[in-house]
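Chemist: Okay, handing you the structure first.
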Amino acid sequence: MRPSLDQMLSELISAPSMSSVSPAFDTGNRLVSERLAGWLEDLGFEVKLQAVEGKDKFNVIATLGRGNGGLVLSGHTDTVPYDEDRWNTDPFQLTEKDGRLYGLGTCDMKAFLGIAIEAASRYRSEDLAEPIIILGTADEESSMAGGKALVAEHSLRARCAIIGEPTRLRPVHLHKGIYMEGVRLKGRSGHSSDPSLGNNALDGMHRVLGELLAFRDQMSRDHHNAAFHVPNPTLNLGHIHGGDNPNRICPEAEVHYDLRTLPEQDMDATRQTLQGRVREVLKDSGLEIEFLPLFDGVGGLDTPEEAAIVQAVTELTGREPEAVAFSTEGPFLQELGIDTVIIGPGDIAQAHQPDEFLDTHTIQPTLDLVDGLIQRFCVKKDTPA
């Protein structure tokens, strides 16, 4: 017997699946993946657990029906870590209160996976002209390893997809790309009374910061997309550290930044240009330069408004497609030739913070949306609605 939607959501929330760049917080996603796989197999889906990274990292790829094309209903199975002392409910227990479902992953984005299974559960393989594919990915919140594995192994073929990230059920067809990088400078320590005794890495970092800010200003002049609330690329200086004592010449300094590109920008070319400028500004400094790939990035999403999935979601919701600044796994699906729209229940403002919640009144409209897309893209025309 398939569990109810409430039971599925409860079991998904109760299974820790945190991903983090810090191993101390990373739990893997085996429990969530196995629960999804079991439910989907019981519904007649052909299920593949794709090992991704480490012994407890899996993508779930579940297919109902055969044929070309098909609709992907995608969500990531992992969550971010949590602040244990700031939650008012147990983050691993689904708690309903005042029309909200509280729990780690309710909004971002385990609930969508349960909703997708619930919507698909009424269909059988013989009802379908094109397959329904339910995809649960690993490590979206940290390395994007799940999305990268799909591309590396060509694991997915379909006509179109939605990713159920929290957008308040507003269709998103554009988002920015992102990568995170560090610059580490190594000089030579010495007594601060005589600068010639060493080579101060902080002096060099002053030049680096100036060049990063100049590059940011140039990007803002050269690139503009009015579809975005912040219409230019952004570069955020997020961390800096150097030295250990005022009376010692600083031997090492490091800065970290994140850079968000517009969809039309080539991320690799942007990275190479910036690195070249940093090297140039330090060419006579005598300092060692090391670029640290903190997150090698994901490109921007740009699904044309005339794409069938964009048109369908626009018609079913009555809302025009939008652009957002956050990034998703959409570009990996796009790289596989799958037109992709980001749309799901919940609000990004509730994600990644204590007392994460999903409004219960968004569940039925999401079920209706997913069912409408299955009817449009997968169901045989002579199958009763």
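By order of appearance in the structure tokens: chains A, B, ..., then residues from 1 within every chain, and ligands from 1 in the order shown.
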Write out as a PyMOL selection string each polymer residue whose atoms come within 9 Å of A:Glu11, counting only C-alpha atoms; drop sequence neighbours fewer than 4 positions from it.
Modeler: chain A and resi 6-7+15+32+35+93-94
Chemist: One decimal, in Å: what's the spacing between atom CA of A:Arg221 and atom CA of A:Leu174?
Modeler: 20.6 Å
Chemist: Can you list, as an NGL selection string, every protein, DNA or RNA residue that comes within 6 Å of A:Ile162 when you count only C-alpha atoms, leaving out same-chain residues fewer than 5 positions away?
Modeler: :A and (73 or 340-342)
Chemist: Next, dump the selected residues to file, keeping only N, CA and C atoms, as a PDB file, in the first residue's frame.
Modeler:
```pdb
ATOM      1  N   LEU A  73       9.809  15.347 -13.300  1.00  0.00           N
ATOM      2  CA  LEU A  73       9.405  16.059 -12.088  1.00  0.00           C
ATOM      3  C   LEU A  73      10.576  15.931 -11.129  1.00  0.00           C
ATOM      4  N   THR A 340      13.484  23.299 -19.348  1.00  0.00           N
ATOM      5  CA  THR A 340      13.239  23.234 -17.903  1.00  0.00           C
ATOM      6  C   THR A 340      12.667  24.533 -17.374  1.00  0.00           C
ATOM      7  N   VAL A 341      11.684  24.391 -16.500  1.00  0.00           N
ATOM      8  CA  VAL A 341      11.104  25.514 -15.768  1.00  0.00           C
ATOM      9  C   VAL A 341      11.230  25.215 -14.276  1.00  0.00           C
ATOM     10  N   ILE A 342      11.526  26.243 -13.493  1.00  0.00           N
ATOM     11  CA  ILE A 342      11.603  26.121 -12.036  1.00  0.00           C
ATOM     12  C   ILE A 342      10.276  26.596 -11.464  1.00  0.00           C
TER      13      ILE A 342
END
```
Chemist: Need the shell around A:Leu209: protein/DNA/RNA residues with any atom at most 10 Å away, counting only C-alpha atoms. Skip same-chain ones fewer than 6 positions apart. Format as a VMD selection string?
Modeler: chain A and resid 183 215 237 255 278
Chemist: A:Ile132, A:Arg207, A:Gln50, A:Pro233: which is nearest A:Ala119, counting only C-alpha atoms?
Modeler: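 Using only C-alpha atoms, the shortest distance to A:Ala119 belongs to A:Ile132.
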Chemist: List every residue of stretch 300-350 of chain A that has an atom at most 9 Å from any atom of stretch 135-150 of chain A, and for each one report the closest atom pair and its distance in Å to one decimal, counting only C-alpha atoms, with rows sorted by chain and then by increasing residue number, as a Markdown table.
Modeler:
```
| residue | atom | partner | partner_atom | distance |
| --- | --- | --- | --- | --- |
| A:Thr328 | CA | A:Glu140 | CA | 7.7 |
| A:Glu329 | CA | A:Gly147 | CA | 6.0 |
| A:Gly330 | CA | A:Gly147 | CA | 8.7 |
| A:Pro331 | CA | A:Gly147 | CA | 8.8 |
| A:Phe332 | CA | A:Gly147 | CA | 5.8 |
| A:Leu333 | CA | A:Gly147 | CA | 7.7 |
| A:Leu336 | CA | A:Leu150 | CA | 8.4 |
```
Chemist: Considering only C-alpha atoms, state which residue in the set A:Lys283, A:Arg122, A:Arg248, A:His206 is at the smallest distance from A:His191.
Modeler: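 Nearest to A:His191: A:Arg248.
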Chemist: Can you check which parts of stretch 60-168 of chain A lie within 7 Å of stretch 354-365 of chain A? Per residue, the shortest pair of atoms and distance in Å to one decimal, counting only C-alpha atoms, sorted by chain and number, as JSON lines.
Modeler:
```
{"residue": "A:Tyr82", "atom": "CA", "partner": "A:Pro354", "partner_atom": "CA", "distance": 6.9}
{"residue": "A:Asp83", "atom": "CA", "partner": "A:Pro354", "partner_atom": "CA", "distance": 6.5}
{"residue": "A:Arg86", "atom": "CA", "partner": "A:Pro354", "partner_atom": "CA", "distance": 5.9}
{"residue": "A:Trp87", "atom": "CA", "partner": "A:Pro354", "partner_atom": "CA", "distance": 5.1}
{"residue": "A:Asn88", "atom": "CA", "partner": "A:Asp355", "partner_atom": "CA", "distance": 6.5}
{"residue": "A:Thr89", "atom": "CA", "partner": "A:Asp355", "partner_atom": "CA", "distance": 6.9}
{"residue": "A:Gly99", "atom": "CA", "partner": "A:Thr360", "partner_atom": "CA", "distance": 5.5}
{"residue": "A:Arg100", "atom": "CA", "partner": "A:Asp359", "partner_atom": "CA", "distance": 4.5}
{"residue": "A:Leu101", "atom": "CA", "partner": "A:Leu358", "partner_atom": "CA", "distance": 5.1}
{"residue": "A:Tyr102", "atom": "CA", "partner": "A:Phe357", "partner_atom": "CA", "distance": 4.3}
{"residue": "A:Gly103", "atom": "CA", "partner": "A:Glu356", "partner_atom": "CA", "distance": 5.9}
{"residue": "A:Leu104", "atom": "CA", "partner": "A:Glu356", "partner_atom": "CA", "distance": 6.1}
{"residue": "A:Thr106", "atom": "CA", "partner": "A:Phe357", "partner_atom": "CA", "distance": 5.7}
{"residue": "A:Cys107", "atom": "CA", "partner": "A:Leu358", "partner_atom": "CA", "distance": 5.1}
```
Chemist: From the options A:Ile289, A:Leu316, A:Val80, A:Ile249, which residue's atoms come nearest to A:Thr366, counting only C-alpha atoms?
Modeler: A:Leu316
Chemist: So, with only C-alpha atoms as the atoms that count, which of A:Leu71, A:Leu259, A:Met18, A:Ile178 lies closest to A:Val379?
Modeler: A:Leu71
Chemist: Run DSSP on the backbone and grab whatever in stretch 100-199 of chain A lands in strand (DSSP E); send it over as a compact mmCIF listing (two decimals) with N, CA and C atoms, in the first residue's frame.
Modeler:
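Output file states_30.txt is given in full below:
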```txt
# COMPACT_ATOMS: atom_id res chain seq x y z
N ARG A 100 0.51 25.62 8.60
CA ARG A 100 1.87 25.49 8.09
C ARG A 100 2.43 24.13 8.49
N LEU A 101 3.26 23.58 7.60
CA LEU A 101 4.00 22.36 7.88
C LEU A 101 5.44 22.75 8.17
N TYR A 102 5.89 22.50 9.40
CA TYR A 102 7.25 22.84 9.80
C TYR A 102 8.14 21.60 9.72
N ILE A 132 6.48 9.43 -17.47
CA ILE A 132 6.65 10.32 -16.31
C ILE A 132 7.96 9.90 -15.65
N ILE A 133 8.83 10.87 -15.41
CA ILE A 133 10.12 10.58 -14.78
C ILE A 133 10.22 11.41 -13.50
N ILE A 134 10.34 10.74 -12.38
CA ILE A 134 10.53 11.43 -11.10
C ILE A 134 12.00 11.32 -10.73
N LEU A 135 12.61 12.48 -10.52
CA LEU A 135 14.06 12.57 -10.29
C LEU A 135 14.32 13.19 -8.93
N GLY A 136 15.07 12.49 -8.10
CA GLY A 136 15.53 13.02 -6.82
C GLY A 136 17.05 13.07 -6.84
N THR A 137 17.62 14.25 -6.72
CA THR A 137 19.07 14.42 -6.88
C THR A 137 19.77 14.61 -5.54
N CYS A 160 10.89 17.61 -21.47
CA CYS A 160 10.80 18.81 -20.65
C CYS A 160 10.80 18.43 -19.18
N ALA A 161 10.96 19.44 -18.33
CA ALA A 161 11.07 19.19 -16.89
C ALA A 161 10.59 20.40 -16.11
N ILE A 162 10.12 20.12 -14.91
CA ILE A 162 9.99 21.17 -13.90
C ILE A 162 10.81 20.76 -12.69
N ILE A 163 11.41 21.73 -12.05
CA ILE A 163 12.13 21.52 -10.79
C ILE A 163 11.34 22.27 -9.72
N VAL A 172 9.57 30.13 -13.32
CA VAL A 172 10.87 30.77 -13.50
C VAL A 172 11.56 30.12 -14.70
N HIS A 173 11.89 30.93 -15.70
CA HIS A 173 12.57 30.38 -16.88
C HIS A 173 13.98 30.96 -17.05
N LEU A 174 14.35 31.90 -16.20
CA LEU A 174 15.68 32.49 -16.22
C LEU A 174 16.25 32.53 -14.81
N HIS A 175 17.51 32.11 -14.67
CA HIS A 175 18.20 32.42 -13.41
C HIS A 175 19.68 32.60 -13.67
N GLY A 177 23.83 32.32 -13.12
CA GLY A 177 24.84 31.32 -12.80
C GLY A 177 25.63 31.76 -11.59
N ILE A 178 26.38 30.83 -11.02
CA ILE A 178 27.17 31.17 -9.84
C ILE A 178 28.42 30.31 -9.76
N TYR A 179 29.52 30.90 -9.35
CA TYR A 179 30.67 30.13 -8.87
C TYR A 179 31.29 30.86 -7.69
N MET A 180 32.02 30.10 -6.87
CA MET A 180 32.68 30.65 -5.69
C MET A 180 34.15 30.30 -5.74
N GLU A 181 34.97 31.28 -5.44
CA GLU A 181 36.41 31.10 -5.59
C GLU A 181 37.16 31.87 -4.51
N GLY A 182 38.36 31.45 -4.25
CA GLY A 182 39.23 32.17 -3.34
C GLY A 182 40.54 32.52 -4.02
N VAL A 183 41.19 33.56 -3.52
CA VAL A 183 42.53 33.93 -3.95
C VAL A 183 43.42 33.91 -2.72
N ARG A 184 44.48 33.10 -2.77
CA ARG A 184 45.42 33.02 -1.66
C ARG A 184 46.78 33.56 -2.12
N LEU A 185 47.31 34.48 -1.34
CA LEU A 185 48.62 35.06 -1.62
C LEU A 185 49.61 34.61 -0.56
N LYS A 186 50.80 34.22 -1.00
CA LYS A 186 51.86 33.83 -0.08
C LYS A 186 53.07 34.74 -0.31
```
Chemist: Please report, as a ChimeraX atom specification, each residue of stretch 17-161 of chain A to which DSSP assigns helix (DSSP H, G or I) when run on this structure's backbone.
Modeler: /A:23-25,30-42,84-86,110-120,125-127,145-152
Chemist: Pull N, CA and C atoms from the residues just selected and write them as a compact mmCIF listing (two decimals), in the first residue's frame.
Modeler:
```txt
# COMPACT_ATOMS: atom_id res chain seq x y z
N PRO A 23 32.51 18.16 6.17
CA PRO A 23 32.14 16.76 6.43
C PRO A 23 31.44 16.56 7.78
N ALA A 24 31.70 17.44 8.74
CA ALA A 24 31.09 17.28 10.06
C ALA A 24 29.57 17.39 10.01
N PHE A 25 29.03 18.08 8.99
CA PHE A 25 27.59 18.30 8.91
C PHE A 25 26.92 17.42 7.85
N ARG A 30 21.07 8.45 1.79
CA ARG A 30 20.64 7.08 1.55
C ARG A 30 19.20 6.83 2.02
N LEU A 31 18.87 7.26 3.24
CA LEU A 31 17.54 6.97 3.78
C LEU A 31 16.44 7.55 2.91
N VAL A 32 16.60 8.80 2.52
CA VAL A 32 15.59 9.44 1.68
C VAL A 32 15.51 8.74 0.33
N SER A 33 16.65 8.44 -0.27
CA SER A 33 16.68 7.80 -1.59
C SER A 33 15.99 6.44 -1.56
N GLU A 34 16.26 5.67 -0.53
CA GLU A 34 15.66 4.33 -0.46
C GLU A 34 14.15 4.40 -0.21
N ARG A 35 13.71 5.37 0.57
CA ARG A 35 12.27 5.52 0.77
C ARG A 35 11.57 5.91 -0.52
N LEU A 36 12.13 6.88 -1.24
CA LEU A 36 11.55 7.27 -2.52
C LEU A 36 11.52 6.08 -3.48
N ALA A 37 12.63 5.36 -3.56
CA ALA A 37 12.72 4.23 -4.48
C ALA A 37 11.66 3.18 -4.16
N GLY A 38 11.47 2.89 -2.88
CA GLY A 38 10.48 1.89 -2.49
C GLY A 38 9.07 2.28 -2.87
N TRP A 39 8.69 3.51 -2.59
CA TRP A 39 7.35 3.97 -2.94
C TRP A 39 7.13 3.93 -4.45
N LEU A 40 8.13 4.37 -5.20
CA LEU A 40 7.99 4.44 -6.65
C LEU A 40 7.95 3.06 -7.28
N GLU A 41 8.74 2.13 -6.77
CA GLU A 41 8.67 0.76 -7.28
C GLU A 41 7.29 0.16 -7.04
N ASP A 42 6.69 0.45 -5.89
CA ASP A 42 5.36 -0.06 -5.59
C ASP A 42 4.31 0.49 -6.55
N GLU A 84 20.47 24.08 15.59
CA GLU A 84 19.69 23.26 16.52
C GLU A 84 19.02 24.08 17.61
N ASP A 85 19.70 25.10 18.12
CA ASP A 85 19.16 25.85 19.26
C ASP A 85 18.19 26.95 18.85
N ARG A 86 17.91 27.09 17.56
CA ARG A 86 17.03 28.17 17.13
C ARG A 86 15.69 27.68 16.59
N LYS A 110 11.81 18.82 -0.01
CA LYS A 110 11.34 17.45 0.03
C LYS A 110 9.84 17.33 -0.23
N ALA A 111 9.08 18.34 0.19
CA ALA A 111 7.63 18.25 0.02
C ALA A 111 7.26 18.09 -1.45
N PHE A 112 8.00 18.74 -2.33
CA PHE A 112 7.66 18.62 -3.76
C PHE A 112 7.79 17.19 -4.24
N LEU A 113 8.78 16.47 -3.76
CA LEU A 113 8.94 15.09 -4.19
C LEU A 113 7.74 14.23 -3.77
N GLY A 114 7.26 14.44 -2.55
CA GLY A 114 6.06 13.74 -2.12
C GLY A 114 4.85 14.10 -2.96
N ILE A 115 4.71 15.38 -3.28
CA ILE A 115 3.59 15.84 -4.10
C ILE A 115 3.68 15.24 -5.50
N ALA A 116 4.88 15.18 -6.06
CA ALA A 116 5.04 14.60 -7.39
C ALA A 116 4.62 13.14 -7.41
N ILE A 117 5.00 12.38 -6.38
CA ILE A 117 4.60 10.97 -6.30
C ILE A 117 3.09 10.85 -6.15
N GLU A 118 2.52 11.69 -5.31
CA GLU A 118 1.06 11.66 -5.12
C GLU A 118 0.33 11.94 -6.43
N ALA A 119 0.79 12.94 -7.19
CA ALA A 119 0.13 13.28 -8.45
C ALA A 119 0.29 12.16 -9.47
N ALA A 120 1.45 11.51 -9.49
CA ALA A 120 1.71 10.46 -10.47
C ALA A 120 1.04 9.14 -10.12
N SER A 125 1.31 2.68 -16.49
CA SER A 125 2.13 2.76 -17.69
C SER A 125 1.29 2.75 -18.95
N GLU A 126 0.22 1.94 -18.96
CA GLU A 126 -0.60 1.83 -20.17
C GLU A 126 -1.39 3.11 -20.47
N ASP A 127 -1.47 4.04 -19.49
CA ASP A 127 -2.16 5.31 -19.73
C ASP A 127 -1.31 6.31 -20.50
N ALA A 145 26.81 17.70 -7.07
CA ALA A 145 27.35 16.44 -7.60
C ALA A 145 26.29 15.60 -8.29
N GLY A 146 25.07 15.65 -7.80
CA GLY A 146 24.00 14.88 -8.43
C GLY A 146 23.72 15.34 -9.84
N GLY A 147 23.60 16.64 -10.03
CA GLY A 147 23.37 17.18 -11.37
C GLY A 147 24.52 16.90 -12.30
N LYS A 148 25.74 17.00 -11.79
CA LYS A 148 26.93 16.73 -12.62
C LYS A 148 26.96 15.27 -13.04
N ALA A 149 26.55 14.37 -12.16
CA ALA A 149 26.54 12.94 -12.49
C ALA A 149 25.55 12.65 -13.61
N LEU A 150 24.41 13.31 -13.59
CA LEU A 150 23.42 13.12 -14.66
C LEU A 150 24.02 13.46 -16.01
N VAL A 151 24.76 14.57 -16.06
CA VAL A 151 25.36 14.99 -17.32
C VAL A 151 26.51 14.07 -17.71
N ALA A 152 27.35 13.73 -16.75
CA ALA A 152 28.52 12.90 -17.05
C ALA A 152 28.13 11.53 -17.59
```
Chemist: Give the answer as one residue: which of A:Gln311, A:Ser10, A:Gln218, A:Ser192 has the shortest atom-to-atom distance to A:Thr273, using only C-alpha atoms?
Modeler: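 Of the candidates, the smallest distance to A:Thr273 is held by A:Gln218.
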